[in-house]
>>> print(open('final-v7.cif').read())   # mmCIF, C-alpha atoms
data_target
loop_
_atom_site.label_atom_id
_atom_site.label_comp_id
_atom_site.auth_asym_id
_atom_site.auth_seq_id
_atom_site.Cartn_x
_atom_site.Cartn_y
_atom_site.Cartn_z
CA MET A 1 21.95 11.11 -26.87
CA THR A 2 18.82 9.39 -28.28
CA HIS A 3 15.69 11.16 -29.50
CA GLN A 4 12.54 9.59 -30.85
CA THR A 5 11.84 10.34 -34.52
CA HIS A 6 8.11 9.50 -34.32
CA SER A 7 5.12 11.10 -32.60
CA TYR A 8 4.02 8.09 -30.53
CA HIS A 9 4.41 7.60 -26.79
CA MET A 10 6.61 4.67 -25.78
CA VAL A 11 5.50 4.41 -22.15
CA ASN A 12 8.11 3.74 -19.46
CA PRO A 13 7.76 0.54 -17.39
CA SER A 14 5.16 0.94 -14.65
CA PRO A 15 4.04 -1.27 -11.74
CA TRP A 16 0.40 -0.15 -11.85
CA PRO A 17 -0.95 -2.61 -14.45
CA LEU A 18 0.32 -5.42 -12.20
CA THR A 19 -1.11 -3.96 -9.00
CA GLY A 20 -4.37 -3.31 -10.86
CA ALA A 21 -4.59 -6.90 -12.06
CA LEU A 22 -3.79 -8.22 -8.58
CA SER A 23 -6.39 -5.95 -7.02
CA ALA A 24 -8.91 -7.48 -9.45
CA LEU A 25 -7.86 -10.93 -8.17
CA LEU A 26 -8.35 -9.71 -4.61
CA THR A 27 -11.80 -8.34 -5.55
CA THR A 28 -13.02 -11.64 -6.96
CA SER A 29 -11.55 -13.81 -4.22
CA GLY A 30 -12.71 -11.20 -1.70
CA LEU A 31 -16.28 -11.58 -2.96
CA VAL A 32 -16.01 -15.35 -2.52
CA MET A 33 -14.75 -14.90 1.06
CA TRP A 34 -17.56 -12.45 1.80
CA PHE A 35 -20.33 -14.56 0.28
CA HIS A 36 -19.25 -17.96 1.56
CA HIS A 37 -16.83 -17.56 4.45
CA ASN A 38 -18.19 -14.58 6.40
CA SER A 39 -15.06 -12.42 5.96
CA SER A 40 -14.77 -8.98 4.38
CA PHE A 41 -11.03 -8.54 4.95
CA LEU A 42 -9.94 -9.43 1.40
CA LEU A 43 -12.67 -7.28 -0.11
CA THR A 44 -11.60 -4.28 1.97
CA LEU A 45 -8.01 -4.89 0.90
CA SER A 46 -9.10 -5.09 -2.73
CA MET A 47 -10.89 -1.73 -2.53
CA ALA A 48 -7.79 -0.13 -1.01
CA THR A 49 -5.36 -1.56 -3.57
CA ASN A 50 -7.74 -0.63 -6.38
CA MET A 51 -7.96 3.01 -5.21
CA LEU A 52 -4.17 3.18 -4.77
CA THR A 53 -3.60 1.79 -8.27
CA MET A 54 -6.07 4.17 -9.91
CA TYR A 55 -4.67 7.21 -8.08
CA GLN A 56 -1.04 6.48 -8.96
CA TRP A 57 -1.70 5.31 -12.53
CA TRP A 58 -3.76 8.34 -13.51
CA ARG A 59 -1.37 10.64 -11.63
CA ASP A 60 1.39 9.25 -13.89
CA VAL A 61 -0.73 9.81 -17.03
CA VAL A 62 -1.14 13.48 -16.04
CA ARG A 63 2.64 13.69 -15.59
CA GLU A 64 3.31 12.08 -18.97
CA GLY A 65 0.91 14.46 -20.74
CA THR A 66 0.96 17.78 -18.91
CA PHE A 67 4.48 17.74 -17.48
CA GLN A 68 6.47 15.69 -19.99
CA GLY A 69 4.65 16.66 -23.20
CA HIS A 70 4.14 13.12 -24.51
CA HIS A 71 0.52 13.74 -25.60
CA THR A 72 1.16 14.77 -29.19
CA PRO A 73 -1.82 15.07 -31.56
CA THR A 74 -1.17 11.48 -32.63
CA VAL A 75 -1.23 10.25 -29.06
CA GLN A 76 -4.31 12.33 -28.29
CA LYS A 77 -6.10 10.71 -31.23
CA GLY A 78 -5.40 7.31 -29.66
CA LEU A 79 -6.69 8.52 -26.30
CA ARG A 80 -9.89 9.72 -28.00
CA TYR A 81 -10.40 6.35 -29.68
CA GLY A 82 -9.78 4.68 -26.33
CA MET A 83 -12.36 6.75 -24.47
CA ILE A 84 -14.96 6.28 -27.19
CA LEU A 85 -14.43 2.52 -27.22
CA PHE A 86 -14.67 2.40 -23.43
CA ILE A 87 -17.95 4.34 -23.38
CA THR A 88 -19.26 2.05 -26.12
CA SER A 89 -18.49 -0.97 -23.95
CA GLU A 90 -20.40 0.68 -21.10
CA ILE A 91 -23.37 1.23 -23.41
CA PHE A 92 -23.40 -2.53 -24.04
CA PHE A 93 -23.17 -3.14 -20.29
CA PHE A 94 -26.35 -1.11 -19.70
CA ALA A 95 -28.03 -2.69 -22.74
CA GLY A 96 -28.02 -5.97 -20.80
CA PHE A 97 -30.01 -4.49 -17.92
CA PHE A 98 -32.48 -2.83 -20.28
CA TRP A 99 -32.88 -6.19 -22.06
CA ALA A 100 -33.69 -7.84 -18.75
CA PHE A 101 -36.23 -5.13 -17.92
CA TYR A 102 -38.03 -5.29 -21.27
CA HIS A 103 -37.94 -9.10 -21.31
CA SER A 104 -39.91 -9.22 -18.07
CA SER A 105 -42.10 -6.15 -18.50
CA LEU A 106 -43.30 -6.59 -22.11
CA ALA A 107 -44.80 -10.04 -21.40
CA PRO A 108 -45.48 -10.20 -17.63
CA THR A 109 -45.94 -13.80 -16.42
CA PRO A 110 -49.04 -15.06 -14.57
CA GLU A 111 -46.91 -15.28 -11.41
CA LEU A 112 -46.67 -11.47 -11.51
CA GLY A 113 -50.42 -11.14 -12.04
CA GLY A 114 -50.04 -10.87 -15.80
CA CYS A 115 -49.47 -7.13 -15.49
CA TRP A 116 -46.70 -4.56 -15.16
CA PRO A 117 -46.03 -3.20 -12.60
CA PRO A 118 -46.61 -6.61 -10.96
CA THR A 119 -49.41 -7.06 -8.45
CA GLY A 120 -48.46 -5.65 -5.07
CA ILE A 121 -45.81 -3.26 -6.37
CA THR A 122 -46.40 0.49 -5.94
CA PRO A 123 -43.99 2.16 -8.35
CA LEU A 124 -42.47 5.59 -7.69
CA ASN A 125 -44.38 8.55 -9.16
CA PRO A 126 -42.39 9.56 -12.25
CA LEU A 127 -43.54 13.18 -11.90
CA GLU A 128 -42.00 13.63 -8.45
CA VAL A 129 -38.29 13.15 -7.57
CA PRO A 130 -37.48 11.20 -10.79
CA LEU A 131 -38.58 14.21 -12.87
CA LEU A 132 -36.48 16.50 -10.69
CA ASN A 133 -33.53 14.16 -11.22
CA THR A 134 -34.10 14.40 -14.97
CA SER A 135 -34.01 18.20 -14.89
CA VAL A 136 -30.90 18.15 -12.66
CA LEU A 137 -28.94 15.98 -15.09
CA LEU A 138 -30.15 17.89 -18.16
CA ALA A 139 -29.10 21.16 -16.50
CA SER A 140 -25.70 19.65 -15.72
CA GLY A 141 -25.33 18.83 -19.40
CA VAL A 142 -25.87 22.51 -20.19
CA SER A 143 -23.44 23.71 -17.51
CA ILE A 144 -20.69 21.34 -18.63
CA THR A 145 -21.07 22.62 -22.20
CA TRP A 146 -20.78 26.17 -20.86
CA ALA A 147 -17.61 25.11 -19.01
CA HIS A 148 -16.16 23.65 -22.20
CA HIS A 149 -16.86 26.75 -24.26
CA SER A 150 -15.39 28.97 -21.54
CA LEU A 151 -12.28 26.78 -21.53
CA MET A 152 -11.91 27.01 -25.29
CA GLU A 153 -12.28 30.79 -25.12
CA GLY A 154 -9.66 31.10 -22.39
CA ASP A 155 -12.22 32.35 -19.84
CA ARG A 156 -10.75 30.80 -16.69
CA LYS A 157 -13.17 32.27 -14.16
CA HIS A 158 -16.33 31.14 -15.95
CA MET A 159 -14.91 27.72 -16.71
CA ILE A 160 -14.31 27.17 -13.00
CA GLN A 161 -17.79 28.44 -12.10
CA ALA A 162 -19.55 26.30 -14.71
CA LEU A 163 -17.63 23.15 -13.82
CA PHE A 164 -18.37 23.77 -10.14
CA ILE A 165 -22.10 24.06 -10.92
CA THR A 166 -21.91 20.81 -12.92
CA ILE A 167 -20.32 19.00 -9.98
CA LEU A 168 -22.89 20.40 -7.54
CA LEU A 169 -25.74 19.20 -9.79
CA GLY A 170 -24.14 15.75 -9.97
CA LEU A 171 -23.89 15.58 -6.19
CA TYR A 172 -27.48 16.83 -5.87
CA PHE A 173 -28.64 13.96 -8.13
CA THR A 174 -26.77 11.45 -5.98
CA ILE A 175 -28.28 12.83 -2.76
CA LEU A 176 -31.80 12.80 -4.24
CA GLN A 177 -31.41 9.26 -5.56
CA THR A 178 -30.04 8.02 -2.23
CA SER A 179 -33.09 9.48 -0.50
CA GLU A 180 -35.37 7.80 -3.08
CA TYR A 181 -33.68 4.44 -2.43
CA TYR A 182 -34.23 4.85 1.29
CA GLU A 183 -37.89 5.85 0.94
CA ALA A 184 -38.91 3.40 -1.83
CA PRO A 185 -41.85 1.13 -0.92
CA PHE A 186 -40.18 -1.84 -2.64
CA THR A 187 -36.73 -3.46 -2.36
CA ILE A 188 -34.35 -5.36 -4.64
CA SER A 189 -35.84 -8.60 -3.27
CA ASP A 190 -39.35 -7.73 -4.47
CA GLY A 191 -39.43 -10.03 -7.45
CA ILE A 192 -38.25 -9.23 -10.92
CA TYR A 193 -39.54 -5.65 -10.62
CA GLY A 194 -37.22 -4.95 -7.70
CA SER A 195 -34.28 -6.72 -9.34
CA THR A 196 -34.50 -4.90 -12.67
CA PHE A 197 -35.21 -1.55 -11.03
CA PHE A 198 -32.32 -1.58 -8.58
CA MET A 199 -29.75 -3.25 -10.86
CA ALA A 200 -30.35 -0.73 -13.66
CA THR A 201 -30.69 2.41 -11.52
CA GLY A 202 -28.04 1.18 -9.09
CA PHE A 203 -25.34 0.79 -11.73
CA HIS A 204 -26.42 4.13 -13.18
CA GLY A 205 -25.96 5.75 -9.77
CA LEU A 206 -22.50 4.23 -9.50
CA HIS A 207 -21.65 5.74 -12.87
CA VAL A 208 -22.88 9.15 -11.70
CA ILE A 209 -20.49 8.88 -8.74
CA ILE A 210 -17.62 7.85 -11.05
CA GLY A 211 -18.45 10.71 -13.43
CA SER A 212 -18.64 13.21 -10.59
CA THR A 213 -15.24 12.04 -9.34
CA PHE A 214 -13.78 12.49 -12.84
CA LEU A 215 -15.25 16.03 -12.95
CA ILE A 216 -13.78 16.86 -9.52
CA VAL A 217 -10.34 15.74 -10.75
CA CYS A 218 -10.78 18.01 -13.80
CA PHE A 219 -11.81 20.84 -11.48
CA LEU A 220 -8.63 20.47 -9.43
CA ARG A 221 -6.52 20.25 -12.58
CA GLN A 222 -8.16 23.40 -13.98
CA LEU A 223 -7.43 25.26 -10.73
CA ASN A 224 -3.80 24.21 -11.14
CA TYR A 225 -3.58 25.48 -14.73
CA HIS A 226 -3.17 22.05 -16.34
CA PHE A 227 -5.60 22.77 -19.21
CA THR A 228 -4.98 25.14 -22.11
CA SER A 229 -7.61 26.52 -24.45
CA ASP A 230 -6.70 24.08 -27.19
CA HIS A 231 -5.37 21.07 -25.25
CA HIS A 232 -7.63 19.68 -22.54
CA PHE A 233 -8.47 16.11 -23.48
CA GLY A 234 -8.92 15.00 -19.86
CA PHE A 235 -11.79 17.48 -19.56
CA GLU A 236 -13.30 16.39 -22.89
CA ALA A 237 -13.17 12.74 -21.82
CA ALA A 238 -14.95 13.66 -18.56
CA ALA A 239 -17.57 15.63 -20.50
CA TRP A 240 -18.20 12.72 -22.89
CA TYR A 241 -18.61 10.37 -19.92
CA TRP A 242 -20.95 12.80 -18.20
CA HIS A 243 -23.19 13.12 -21.29
CA PHE A 244 -23.24 9.30 -21.52
CA VAL A 245 -24.42 9.11 -17.88
CA ASP A 246 -27.11 11.69 -18.66
CA VAL A 247 -28.36 9.78 -21.72
CA VAL A 248 -28.52 6.49 -19.78
CA TRP A 249 -30.67 8.27 -17.18
CA LEU A 250 -33.04 9.52 -19.91
CA PHE A 251 -33.48 5.93 -21.13
CA LEU A 252 -34.01 4.75 -17.53
CA TYR A 253 -36.55 7.48 -16.86
CA VAL A 254 -38.59 6.85 -20.01
CA SER A 255 -38.44 3.02 -19.80
CA ILE A 256 -38.52 2.12 -16.11
CA TYR A 257 -39.96 5.14 -14.35
CA TRP A 258 -42.47 6.37 -16.90
CA TRP A 259 -43.49 3.52 -19.25
CA GLY A 260 -42.87 0.96 -16.48
CA SER A 261 -45.34 2.57 -14.12
CA MET B 262 -5.42 74.44 -9.68
CA ARG B 263 -2.56 72.20 -10.74
CA LYS B 264 -1.78 69.34 -8.36
CA THR B 265 1.47 69.48 -6.40
CA LYS B 266 4.01 66.72 -6.83
CA PRO B 267 3.12 64.98 -3.52
CA GLN B 268 -0.56 65.10 -4.52
CA ARG B 269 0.19 63.52 -7.91
CA VAL B 270 2.41 60.84 -6.34
CA LEU B 271 -0.29 60.01 -3.80
CA ARG B 272 -3.00 59.88 -6.49
CA ASN B 273 -0.88 57.56 -8.69
CA LEU B 274 -0.23 55.35 -5.67
CA LEU B 275 -3.96 55.16 -4.86
CA ALA B 276 -4.86 54.48 -8.49
CA HIS B 277 -2.29 51.69 -8.65
CA HIS B 278 -3.56 50.31 -5.33
CA GLN B 279 -7.12 50.33 -6.69
CA THR B 280 -6.01 48.53 -9.83
CA ALA B 281 -4.11 45.98 -7.76
CA GLN B 282 -7.17 45.53 -5.54
CA ARG B 283 -9.41 45.03 -8.56
CA THR B 284 -7.05 42.41 -9.98
CA ILE B 285 -6.95 40.46 -6.73
CA SER B 286 -10.72 40.57 -6.24
CA THR B 287 -11.39 38.98 -9.63
CA ALA B 288 -8.91 36.15 -9.02
CA SER B 289 -9.76 32.96 -7.14
CA HIS B 290 -9.97 33.49 -3.42
CA ARG B 291 -7.42 30.73 -2.84
CA GLN B 292 -4.84 32.42 -5.12
CA PHE B 293 -3.81 29.40 -7.20
CA GLU B 294 -0.51 30.03 -8.92
CA ASN B 295 0.55 28.43 -12.15
CA LYS B 296 3.13 25.91 -11.02
CA VAL B 297 3.07 23.90 -14.25
CA PRO B 298 6.45 25.17 -15.53
CA GLU B 299 8.09 24.06 -12.26
CA LYS B 300 6.47 20.64 -12.54
CA GLN B 301 7.57 20.36 -16.15
CA LYS B 302 11.14 21.02 -15.12
CA LEU B 303 10.92 18.52 -12.23
CA PHE B 304 9.52 15.69 -14.32
CA GLN B 305 11.79 16.27 -17.30
CA GLU B 306 14.98 16.20 -15.23
CA ASP B 307 17.39 13.62 -16.61
CA ASN B 308 18.08 11.83 -13.31
CA GLY B 309 17.10 8.25 -14.17
CA ILE B 310 14.28 8.15 -11.59
CA PRO B 311 11.20 6.31 -12.93
CA LEU B 312 8.11 8.46 -13.43
CA HIS B 313 6.10 6.92 -10.62
CA LEU B 314 8.80 7.88 -8.10
CA LYS B 315 9.94 11.16 -9.65
CA GLY B 316 7.68 13.41 -7.61
CA GLY B 317 9.43 13.06 -4.29
CA VAL B 318 10.33 10.83 -1.35
CA ALA B 319 6.73 10.25 -0.23
CA GLU B 320 6.02 8.46 -3.49
CA ALA B 321 8.46 5.69 -2.69
CA LEU B 322 6.51 5.10 0.54
CA LEU B 323 3.14 5.13 -1.22
CA SER B 324 4.45 2.81 -3.93
CA ARG B 325 5.95 0.42 -1.38
CA ALA B 326 2.71 0.41 0.63
CA THR B 327 0.73 -0.41 -2.53
CA MET B 328 3.09 -3.28 -3.38
CA MET B 329 2.98 -4.71 0.14
CA LEU B 330 -0.82 -4.59 0.31
CA THR B 331 -1.19 -6.05 -3.18
CA PHE B 332 1.33 -8.88 -2.90
CA GLY B 333 0.44 -9.59 0.72
CA GLY B 334 -3.21 -9.74 -0.22
CA THR B 335 -2.47 -12.08 -3.13
CA ALA B 336 -0.54 -14.41 -0.84
CA TYR B 337 -3.46 -14.35 1.64
CA ALA B 338 -5.97 -15.05 -1.15
CA ILE B 339 -3.94 -18.05 -2.33
CA TYR B 340 -3.69 -19.29 1.27
CA GLN B 341 -7.47 -19.03 1.67
CA LEU B 342 -7.90 -20.88 -1.62
CA ALA B 343 -5.65 -23.67 -0.33
CA MET B 344 -7.65 -23.83 2.93
CA ALA B 345 -10.95 -23.93 1.04
CA SER B 346 -9.63 -26.66 -1.28
CA PHE B 347 -8.95 -29.14 1.54
CA PRO B 348 -11.97 -29.16 3.86
CA LYS B 349 -11.34 -30.42 7.41
CA LYS B 350 -12.81 -33.86 8.20
CA GLN B 351 -15.95 -33.91 10.33
CA ASP B 352 -15.63 -35.99 13.54
#
>>> encode(input="final-v7.cif", output="structure tokens")
Amino acid sequence: MTHQTHSYHMVNPSPWPLTGALSALLTTSGLVMWFHHNSSFLLTLSMATNMLTMYQWWRDVVREGTFQGHHTPTVQKGLRYGMILFITSEIFFFAGFFWAFYHSSLAPTPELGGCWPPTGITPLNPLEVPLLNTSVLLASGVSITWAHHSLMEGDRKHMIQALFITILLGLYFTILQTSEYYEAPFTISDGIYGSTFFMATGFHGLHVIIGSTFLIVCFLRQLNYHFTSDHHFGFEAAAWYWHFVDVVWLFLYVSIYWWGS
Amino acid sequence: MRKTKPQRVLRNLLAHHQTAQRTISTASHRQFENKVPEKQKLFQEDNGIPLHLKGGVAEALLSRATMMLTFGGTAYAIYQLAMASFPKKQD
């Protein structure tokens, strides 16, 4: 009988990295087919295979950690590094869109009327729905911290309540932002203003949806007793991601909504 | 006046019932039970089944469906690439 004499996790062979890579191939070729050959079949297939891969891969990670005990403190340290590095890469991703915004808005060209917002653009009032969105996300940052402290103190009922409130606030933000997009007096095609506005806020919105999904998974896991008061890295990773999403919004609000109007 | 035995039995029963009721009312309405120990046993069983199939029969179906969609899609993408690489002649 063999036993490992180290605290690392030697992962068993898995098909999901392959299916994930192939779904990425389908996504790129699917985009080409959609843009140039009037067909969305490959793209639809890519979304399906991507969802299937993510579901089964992360399901297996939960099994390896919660059910098989492979997430030793050493392994958990690696997972922490991984999540931090991933969020850092996302920070750089958003930095690009902020660069584009400031490049165009700090020195507006004559074609725009030499001013920002450009001539003809009526920006959204930062003191209306955008301010509400800011308070919603800030409140969700408070509620997720409450959830974490409840979890660490072994208070199951309050952890569930606080996490539920956090998820509701996230969904409320998404609903509000969708309504704003629908009602906005300008579109993505309205010059560089429209492009920078919708690319930056659009990717942010996508990250809110991803973060909310992560929180919902944590909620289901908490209901099923997966987390203990001193071992709940999945929840911590979700909380880090959620705070990141909140901070990006604060930068968006101050730069694009407030200064940019 | 001292309670009779039936009165004491009934009172204990009611008290216990009230306690049981209180316990239930503070728990989640959907009564989630802690099934983690069962899952731990299931996934630690030394039966040679790989992790991604160890949860049950349905997983083999889901896994097979994922493979078929992924590999089928890849074949289709390569076919479309071949078609796009050799444009048909205009008459």
>>> interface_residues(input="final-v7.cif", of="chain B", to="chain A", cutoff="7 Å", atoms="only C-alpha atoms", output="PDB file with C-alpha atoms, in the coordinates of the input")
ATOM      1  CA  PHE B 293      -3.810  29.400  -7.200  1.00  0.00           C
ATOM      2  CA  ASN B 295       0.550  28.430 -12.150  1.00  0.00           C
ATOM      3  CA  VAL B 297       3.070  23.900 -14.250  1.00  0.00           C
ATOM      4  CA  LYS B 300       6.470  20.640 -12.540  1.00  0.00           C
ATOM      5  CA  GLN B 301       7.570  20.360 -16.150  1.00  0.00           C
ATOM      6  CA  PHE B 304       9.520  15.690 -14.320  1.00  0.00           C
ATOM      7  CA  GLN B 305      11.790  16.270 -17.300  1.00  0.00           C
ATOM      8  CA  LEU B 312       8.110   8.460 -13.430  1.00  0.00           C
ATOM      9  CA  HIS B 313       6.100   6.920 -10.620  1.00  0.00           C
ATOM     10  CA  THR B 327       0.730  -0.410  -2.530  1.00  0.00           C
ATOM     11  CA  LEU B 330      -0.820  -4.590   0.310  1.00  0.00           C
ATOM     12  CA  THR B 331      -1.190  -6.050  -3.180  1.00  0.00           C
ATOM     13  CA  GLY B 334      -3.210  -9.740  -0.220  1.00  0.00           C
ATOM     14  CA  THR B 335      -2.470 -12.080  -3.130  1.00  0.00           C
ATOM     15  CA  ALA B 338      -5.970 -15.050  -1.150  1.00  0.00           C
TER      16      ALA B 338
END
>>> resolve_selection(input="final-v7.cif", expression="the PyMOL selection byres ((chain A and resi 237) around 10)", output="ChimeraX atom specification")
/A:79-80,82-84,87,214-215,218,232-236,238-242
>>> closest_residue(input="final-v7.cif", among="A:Tyr55, A:Phe251, A:Tyr193, A:Phe92", to="Ser324 in chain B", atoms="all atoms listed in the file")
A:Tyr55
>>> atom_distance(input="final-v7.cif", atom1="CA of Ala200 in chain A", atom2="CA of Asn125 in chain A")
17.4 Å
>>> residues_around(input="final-v7.cif", residues="Gly260 in chain A", least_positions_apart="2", cutoff="9 Å", atoms="all atoms listed in the file", output="ChimeraX atom specification")
/A:105,116-117,123,254-258
>>> resolve_selection(input="final-v7.cif", expression="the PyMOL selection byres ((chain A and resi 158) around 12)", output="list in words")
Ser143, Ile144, Thr145, Trp146, Ala147, His148, His149, Ser150, Leu151, Met152, Glu153, Gly154, Asp155, Arg156, Lys157, Met159, Ile160, Gln161, Ala162, Leu163, Phe164, Ile165, Gln222 and Leu223 of chain A; Thr287, Ala288 and Ser289 of chain B
>>> atom_distance(input="final-v7.cif", atom1="CA of Ala184 in chain A", atom2="CA of Ser135 in chain A")
20.3 Å
>>> atom_distance(input="final-v7.cif", atom1="CA of Gly316 in chain B", atom2="CA of Leu303 in chain B")
7.6 Å
>>> closest_residue(input="final-v7.cif", among="A:Ile167, A:Ile188, A:Leu206, A:Leu138", to="His243 in chain A", atoms="only C-alpha atoms")
A:Leu138
>>> residues_around(input="final-v7.cif", residues="Thr72 in chain A", least_positions_apart="5", cutoff="9 Å", atoms="all atoms listed in the file", output="list in words")
Ser7, Tyr8, His9, Gly65 and Lys77 of chain A
